[in-house]
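Undergrad: Submitted below is the structure of interest, expressed as C-alpha cells.
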Amino acid sequence: RSVLGASLVRTEKNHLAYLSFQLRRFPTDDASVRRALMEAIDTAEIARKVYHGFWPVATTEIAPVLWGHDPTVHPYAYNYSAAVRDLDDAGWRTSGGIRSKGGRPLAVDVAYEASNQEGRSIATVIQENLARAGVQASVRGYPTNVFYAVPNGTYYGGRFNLAVSGFYGGSDPEQSEFWTCDRVAPNGPNVARFCDATYDQLFARQARLEDHNARVAAFAAMQQTIAASAVFVPLV
C-alpha cells in the first residue's frame with residue numbers, strides 16, 4: 001500500500017478463515033465455554049495483525065459475496081468483560097491465573113498446520129487473548145501430513161479444541177454449509193462434529209427447493225443455527 005505508483009484494489013472473496021471448535025472434546029463440548037471463548041478472542045486484532053487489515057472480520061460461514069449470506073447474523077463477538085462474567089457464572093473459578101472447575105483446569109489445545117505462518121500467528125494471538133481470561137491454551141503446529149491425515153490425524157481425528165482452518169466456497173451457498181450429521185469427520189469436513197436435526201432438515205429442504213427466496217430463508221436459518229450453537233469462530 002505504501003509503494004510509490006502502486007494502487008491496491010480490494011475484491012470480494014469467497015473464502016473463510018476460521019477457528020473450528022471440537023464439540024465432543026472437553027471443555028469445548030460445553031456450549032457455554034465455547035461462547036465465552038468466542039467472547040475472549042479478539043477477531044479484530046487477528047484481522048489487523050495477521051491479515052494487515054486487508055479483509056473485514058467475517059460473521060458467517062457463507063461469504064458476503066454469495067447471495068445466501070445473511071448480514072443480520074452476528075456470532076458471539078469479542079467482549080472481554082462478558083467472557084469473564086460468563087465463565088464466572090458457569091462456575092469456572094480463578095486460582096493462580098488459571099480457571100478450574102471440579103478439579104479440572106480450563107485448558108484447550110489450539111492446533112494449526114506448522115507450515116502455515118498465518119496459522120501460527122493466529123494461534124499466538126488466541127493464546128494471549130485466552131490467557132487474559134484465565135484459560136490455558138497450548139498451541140502446537142503439526143506437519144501437514146499429520147494435521148490432515150485421515151482418519152486419525154489432528155484435524156479429522158479431532159485431536160484439538162480449536163483448530164485454525166479455512167475453506168473456499170463454491171458457486172452455490174450450499175457448498176459452504178457442511179455441518180450435517182452425515183459429514184461428521186472423518187467421514188467429511190465437519191471436523192467440529194456438530195450434529196443437529198434442525199440444521200440437517202434445513203439443509204435437506206434447501207436442496208429440494210426451486211424458489212430462490214425460499215432457499216435464501218433456509219440458508220439464513222442455517223447460519224442462525226450455527227452462530228447460536230457457537231460451532232466456530234469466524235475470522236476473515
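Chains: A, B, ... in order of the C-alpha cells. Residues: from 1 per chain. Ligands: from 1, in order shown.
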Considering only C-alpha atoms, return as a compact mmCIF listing (two decimals) with C-alpha atoms, in the first residue's frame whatever protein or nucleic-acid residues lie within 8 Å of segment 215-221 of chain A, sequence-local ones (same chain, fewer than 5 positions apart) excluded.
TA:
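As a result, around_26.txt now contains:
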```
# COMPACT_ATOMS: atom_id res chain seq x y z
CA TRP A 67 -26.44 -14.44 -2.39
CA GLY A 68 -27.11 -16.78 0.54
CA HIS A 69 -25.19 -14.66 3.06
CA ASP A 70 -27.35 -13.29 5.87
CA VAL A 73 -26.47 -12.91 11.66
CA PRO A 173 -24.13 -21.31 -0.88
CA LEU A 202 -32.92 -27.17 6.69
CA PHE A 203 -30.04 -28.42 4.55
CA ARG A 205 -35.04 -28.70 2.44
CA GLN A 206 -32.97 -26.11 0.57
CA LEU A 209 -36.37 -26.07 -3.26
CA GLU A 210 -36.51 -24.25 -6.58
```
Undergrad: Where does DSSP see alpha helix (DSSP H) in chain A, if you list the residues as a VMD selection string?
TA: chain A and resid 31 to 40 43 to 49 80 to 89 117 to 132 144 to 147 197 to 208 212 to 228
Undergrad: Find the residues near Thr11 of chain A: any atom within 10 Å, counting only C-alpha atoms, skip ones fewer than 5 places away on the same chain, and give them as an MDAnalysis selection string.
TA: chainID A and resid 54:55 65
Undergrad: Please provide as number ranges by chain all residues within 7 Å of Val57 of chain A, with the sequence filter that same-chain residues fewer than 4 positions apart are discarded (counting only C-alpha atoms).
TA: A: 43-44, 47, 235-236
Undergrad: Near Leu16 of chain A, within 10 Å and counting only C-alpha atoms, which residues show up once chain neighbours fewer than 4 positions away are dropped, as a PDB file with all heavy atoms, in the first residue's frame?
TA:
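What ended up in around.pdb:
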```pdb
ATOM      1  N   VAL A  57     -13.707  -8.448   9.261  1.00  0.00           N
ATOM      2  CA  VAL A  57     -13.989  -9.609  10.096  1.00  0.00           C
ATOM      3  C   VAL A  57     -15.223 -10.326   9.561  1.00  0.00           C
ATOM      4  O   VAL A  57     -16.242  -9.702   9.248  1.00  0.00           O
ATOM      5  CB  VAL A  57     -14.215  -9.184  11.563  1.00  0.00           C
ATOM      6  CG1 VAL A  57     -14.647 -10.373  12.413  1.00  0.00           C
ATOM      7  CG2 VAL A  57     -12.952  -8.560  12.130  1.00  0.00           C
ATOM      8  N   ALA A  58     -15.129 -11.644   9.417  1.00  0.00           N
ATOM      9  CA  ALA A  58     -16.241 -12.445   8.903  1.00  0.00           C
ATOM     10  C   ALA A  58     -17.312 -12.618   9.977  1.00  0.00           C
ATOM     11  O   ALA A  58     -17.042 -12.461  11.180  1.00  0.00           O
ATOM     12  CB  ALA A  58     -15.731 -13.802   8.433  1.00  0.00           C
ATOM     13  N   THR A  59     -18.514 -12.963   9.552  1.00  0.00           N
ATOM     14  CA  THR A  59     -19.610 -13.165  10.502  1.00  0.00           C
ATOM     15  C   THR A  59     -20.268 -14.532  10.379  1.00  0.00           C
ATOM     16  O   THR A  59     -20.733 -15.080  11.373  1.00  0.00           O
ATOM     17  CB  THR A  59     -20.692 -12.085  10.331  1.00  0.00           C
ATOM     18  OG1 THR A  59     -21.126 -12.056   8.957  1.00  0.00           O
ATOM     19  CG2 THR A  59     -20.145 -10.710  10.717  1.00  0.00           C
ATOM     20  N   THR A  60     -20.349 -15.082   9.167  1.00  0.00           N
ATOM     21  CA  THR A  60     -20.992 -16.385   8.993  1.00  0.00           C
ATOM     22  C   THR A  60     -20.160 -17.248   8.051  1.00  0.00           C
ATOM     23  O   THR A  60     -19.164 -16.796   7.459  1.00  0.00           O
ATOM     24  CB  THR A  60     -22.421 -16.283   8.410  1.00  0.00           C
ATOM     25  OG1 THR A  60     -22.369 -16.160   6.980  1.00  0.00           O
ATOM     26  CG2 THR A  60     -23.165 -15.101   8.990  1.00  0.00           C
ATOM     27  N   GLU A  61     -20.604 -18.497   7.896  1.00  0.00           N
ATOM     28  CA  GLU A  61     -19.897 -19.439   7.037  1.00  0.00           C
ATOM     29  C   GLU A  61     -20.088 -19.133   5.559  1.00  0.00           C
ATOM     30  O   GLU A  61     -19.299 -19.582   4.719  1.00  0.00           O
ATOM     31  CB  GLU A  61     -20.346 -20.877   7.331  1.00  0.00           C
ATOM     32  CG  GLU A  61     -21.820 -21.166   7.107  1.00  0.00           C
ATOM     33  CD  GLU A  61     -22.677 -20.857   8.324  1.00  0.00           C
ATOM     34  OE1 GLU A  61     -22.248 -20.084   9.191  1.00  0.00           O
ATOM     35  OE2 GLU A  61     -23.799 -21.414   8.392  1.00  0.00           O
ATOM     36  N   ILE A  62     -21.122 -18.397   5.209  1.00  0.00           N
ATOM     37  CA  ILE A  62     -21.374 -18.030   3.816  1.00  0.00           C
ATOM     38  C   ILE A  62     -20.826 -16.627   3.579  1.00  0.00           C
ATOM     39  O   ILE A  62     -21.228 -15.667   4.239  1.00  0.00           O
ATOM     40  CB  ILE A  62     -22.874 -18.095   3.477  1.00  0.00           C
ATOM     41  CG1 ILE A  62     -23.400 -19.530   3.665  1.00  0.00           C
ATOM     42  CG2 ILE A  62     -23.137 -17.626   2.049  1.00  0.00           C
ATOM     43  CD1 ILE A  62     -24.875 -19.689   3.378  1.00  0.00           C
ATOM     44  N   ALA A  63     -19.913 -16.507   2.641  1.00  0.00           N
ATOM     45  CA  ALA A  63     -19.258 -15.228   2.377  1.00  0.00           C
ATOM     46  C   ALA A  63     -20.252 -14.200   1.845  1.00  0.00           C
ATOM     47  O   ALA A  63     -21.199 -14.545   1.131  1.00  0.00           O
ATOM     48  CB  ALA A  63     -18.127 -15.432   1.370  1.00  0.00           C
ATOM     49  N   SER A 165      -8.344 -23.000  10.585  1.00  0.00           N
ATOM     50  CA  SER A 165      -8.772 -23.644   9.341  1.00  0.00           C
ATOM     51  C   SER A 165      -9.283 -22.604   8.354  1.00  0.00           C
ATOM     52  O   SER A 165      -9.253 -21.398   8.612  1.00  0.00           O
ATOM     53  CB  SER A 165      -9.873 -24.670   9.643  1.00  0.00           C
ATOM     54  OG  SER A 165     -10.174 -25.442   8.503  1.00  0.00           O
ATOM     55  N   GLY A 166      -9.775 -23.096   7.228  1.00  0.00           N
ATOM     56  CA  GLY A 166     -10.326 -22.216   6.209  1.00  0.00           C
ATOM     57  C   GLY A 166     -10.837 -23.026   5.034  1.00  0.00           C
ATOM     58  O   GLY A 166     -10.474 -24.192   4.868  1.00  0.00           O
ATOM     59  N   PHE A 167     -11.710 -22.429   4.240  1.00  0.00           N
ATOM     60  CA  PHE A 167     -12.199 -23.120   3.047  1.00  0.00           C
ATOM     61  C   PHE A 167     -12.670 -22.099   2.013  1.00  0.00           C
ATOM     62  O   PHE A 167     -13.020 -20.966   2.352  1.00  0.00           O
ATOM     63  CB  PHE A 167     -13.342 -24.089   3.382  1.00  0.00           C
ATOM     64  CG  PHE A 167     -14.624 -23.421   3.810  1.00  0.00           C
ATOM     65  CD1 PHE A 167     -15.579 -23.026   2.874  1.00  0.00           C
ATOM     66  CD2 PHE A 167     -14.894 -23.185   5.152  1.00  0.00           C
ATOM     67  CE1 PHE A 167     -16.759 -22.412   3.263  1.00  0.00           C
ATOM     68  CE2 PHE A 167     -16.072 -22.569   5.557  1.00  0.00           C
ATOM     69  CZ  PHE A 167     -16.999 -22.184   4.599  1.00  0.00           C
ATOM     70  N   TYR A 168     -12.663 -22.532   0.763  1.00  0.00           N
ATOM     71  CA  TYR A 168     -13.223 -21.749  -0.329  1.00  0.00           C
ATOM     72  C   TYR A 168     -14.635 -22.252  -0.606  1.00  0.00           C
ATOM     73  O   TYR A 168     -14.869 -23.455  -0.685  1.00  0.00           O
ATOM     74  CB  TYR A 168     -12.375 -21.883  -1.600  1.00  0.00           C
ATOM     75  CG  TYR A 168     -11.094 -21.100  -1.554  1.00  0.00           C
ATOM     76  CD1 TYR A 168      -9.911 -21.695  -1.132  1.00  0.00           C
ATOM     77  CD2 TYR A 168     -11.068 -19.759  -1.913  1.00  0.00           C
ATOM     78  CE1 TYR A 168      -8.727 -20.977  -1.073  1.00  0.00           C
ATOM     79  CE2 TYR A 168      -9.882 -19.027  -1.865  1.00  0.00           C
ATOM     80  CZ  TYR A 168      -8.727 -19.643  -1.442  1.00  0.00           C
ATOM     81  OH  TYR A 168      -7.562 -18.925  -1.377  1.00  0.00           O
ATOM     82  N   GLY A 169     -15.565 -21.325  -0.734  1.00  0.00           N
ATOM     83  CA  GLY A 169     -16.922 -21.705  -1.065  1.00  0.00           C
ATOM     84  C   GLY A 169     -17.066 -21.967  -2.558  1.00  0.00           C
ATOM     85  O   GLY A 169     -16.152 -21.696  -3.340  1.00  0.00           O
ATOM     86  N   SER A 176     -21.002 -24.090   1.209  1.00  0.00           N
ATOM     87  CA  SER A 176     -20.416 -23.509   2.419  1.00  0.00           C
ATOM     88  C   SER A 176     -21.102 -24.026   3.675  1.00  0.00           C
ATOM     89  O   SER A 176     -20.744 -23.643   4.787  1.00  0.00           O
ATOM     90  CB  SER A 176     -20.530 -21.976   2.374  1.00  0.00           C
ATOM     91  OG  SER A 176     -19.798 -21.446   1.291  1.00  0.00           O
ATOM     92  N   PRO A 234     -15.593 -17.177  13.321  1.00  0.00           N
ATOM     93  CA  PRO A 234     -15.256 -16.580  12.014  1.00  0.00           C
ATOM     94  C   PRO A 234     -14.121 -15.574  12.173  1.00  0.00           C
ATOM     95  O   PRO A 234     -14.111 -14.782  13.115  1.00  0.00           O
ATOM     96  CB  PRO A 234     -16.547 -15.869  11.594  1.00  0.00           C
ATOM     97  CG  PRO A 234     -17.612 -16.360  12.518  1.00  0.00           C
ATOM     98  CD  PRO A 234     -16.914 -16.742  13.789  1.00  0.00           C
ATOM     99  N   LEU A 235     -13.158 -15.620  11.256  1.00  0.00           N
ATOM    100  CA  LEU A 235     -12.059 -14.659  11.296  1.00  0.00           C
ATOM    101  C   LEU A 235     -12.210 -13.632  10.176  1.00  0.00           C
ATOM    102  O   LEU A 235     -12.690 -12.539  10.388  1.00  0.00           O
ATOM    103  CB  LEU A 235     -10.716 -15.397  11.205  1.00  0.00           C
ATOM    104  CG  LEU A 235     -10.413 -16.345  12.377  1.00  0.00           C
ATOM    105  CD1 LEU A 235      -9.081 -17.056  12.179  1.00  0.00           C
ATOM    106  CD2 LEU A 235     -10.427 -15.599  13.698  1.00  0.00           C
ATOM    107  N   VAL A 236     -11.788 -13.981   8.977  1.00  0.00           N
ATOM    108  CA  VAL A 236     -11.944 -13.063   7.844  1.00  0.00           C
ATOM    109  C   VAL A 236     -12.396 -13.843   6.620  1.00  0.00           C
ATOM    110  O   VAL A 236     -12.248 -15.043   6.543  1.00  0.00           O
ATOM    111  CB  VAL A 236     -10.634 -12.314   7.518  1.00  0.00           C
ATOM    112  CG1 VAL A 236     -10.164 -11.483   8.697  1.00  0.00           C
ATOM    113  CG2 VAL A 236      -9.528 -13.271   7.082  1.00  0.00           C
TER     114      VAL A 236
END
```
Undergrad: So which residues touch Glu113 of chain A within 9 Å, counting only C-alpha atoms, skipping near sequence neighbours fewer than 5 positions away, as a ChimeraX atom specification?
TA: /A:119-120,140-144,146-148,163-165
Undergrad: For the residues selected in the previous step, produce a file with N, CA and C atoms as a compact mmCIF listing (two decimals), in the first residue's frame.
TA:
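See result-v8.txt below for the written result:
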```txt
# COMPACT_ATOMS: atom_id res chain seq x y z
N GLY A 119 -1.33 -19.28 10.30
CA GLY A 119 -1.89 -20.12 11.34
C GLY A 119 -1.14 -19.97 12.64
N ARG A 120 0.17 -19.91 12.56
CA ARG A 120 0.99 -19.75 13.76
C ARG A 120 0.71 -18.40 14.42
N ARG A 140 0.11 -25.67 19.26
CA ARG A 140 1.03 -26.60 18.62
C ARG A 140 0.77 -26.68 17.12
N GLY A 141 1.86 -26.58 16.35
CA GLY A 141 1.79 -26.76 14.92
C GLY A 141 2.16 -28.18 14.54
N TYR A 142 1.46 -28.73 13.56
CA TYR A 142 1.68 -30.11 13.13
C TYR A 142 2.09 -30.16 11.66
N PRO A 143 2.97 -31.09 11.30
CA PRO A 143 3.30 -31.27 9.89
C PRO A 143 2.03 -31.53 9.09
N THR A 144 2.01 -31.10 7.86
CA THR A 144 0.81 -31.22 7.03
C THR A 144 0.29 -32.65 6.97
N VAL A 146 0.51 -34.94 9.09
CA VAL A 146 -0.06 -35.34 10.38
C VAL A 146 -1.36 -34.58 10.63
N PHE A 147 -1.35 -33.30 10.33
CA PHE A 147 -2.51 -32.45 10.58
C PHE A 147 -3.73 -32.95 9.79
N TYR A 148 -3.54 -33.25 8.51
CA TYR A 148 -4.67 -33.61 7.66
C TYR A 148 -4.86 -35.11 7.44
N ALA A 163 -9.02 -25.40 16.15
CA ALA A 163 -8.12 -25.63 15.02
C ALA A 163 -8.23 -24.47 14.04
N VAL A 164 -7.09 -23.94 13.63
CA VAL A 164 -7.06 -22.88 12.63
C VAL A 164 -7.35 -23.52 11.28
N SER A 165 -8.34 -23.00 10.59
CA SER A 165 -8.77 -23.64 9.34
C SER A 165 -9.28 -22.60 8.35
```
Undergrad: Report the distance between atom CA of Glu12 of chain A and atom CA of Ala185 of chain A in Å, rounded to one decimal place.
TA: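 Distance reported for this atom pair: 29.5 Å.
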Undergrad: May I have the residues within 9 Å of segment 29-35 of chain A as a list in words, using only C-alpha atoms and disregarding those fewer than 6 positions away in the same chain?
TA: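 Returned residues: Phe21, Gln22, Leu23, Tyr76, Ala77, Ala83, Asp86, Leu87, Ala90, Asn161, Ala228, Ser229, Ala230, Val231 and Phe232 of chain A.
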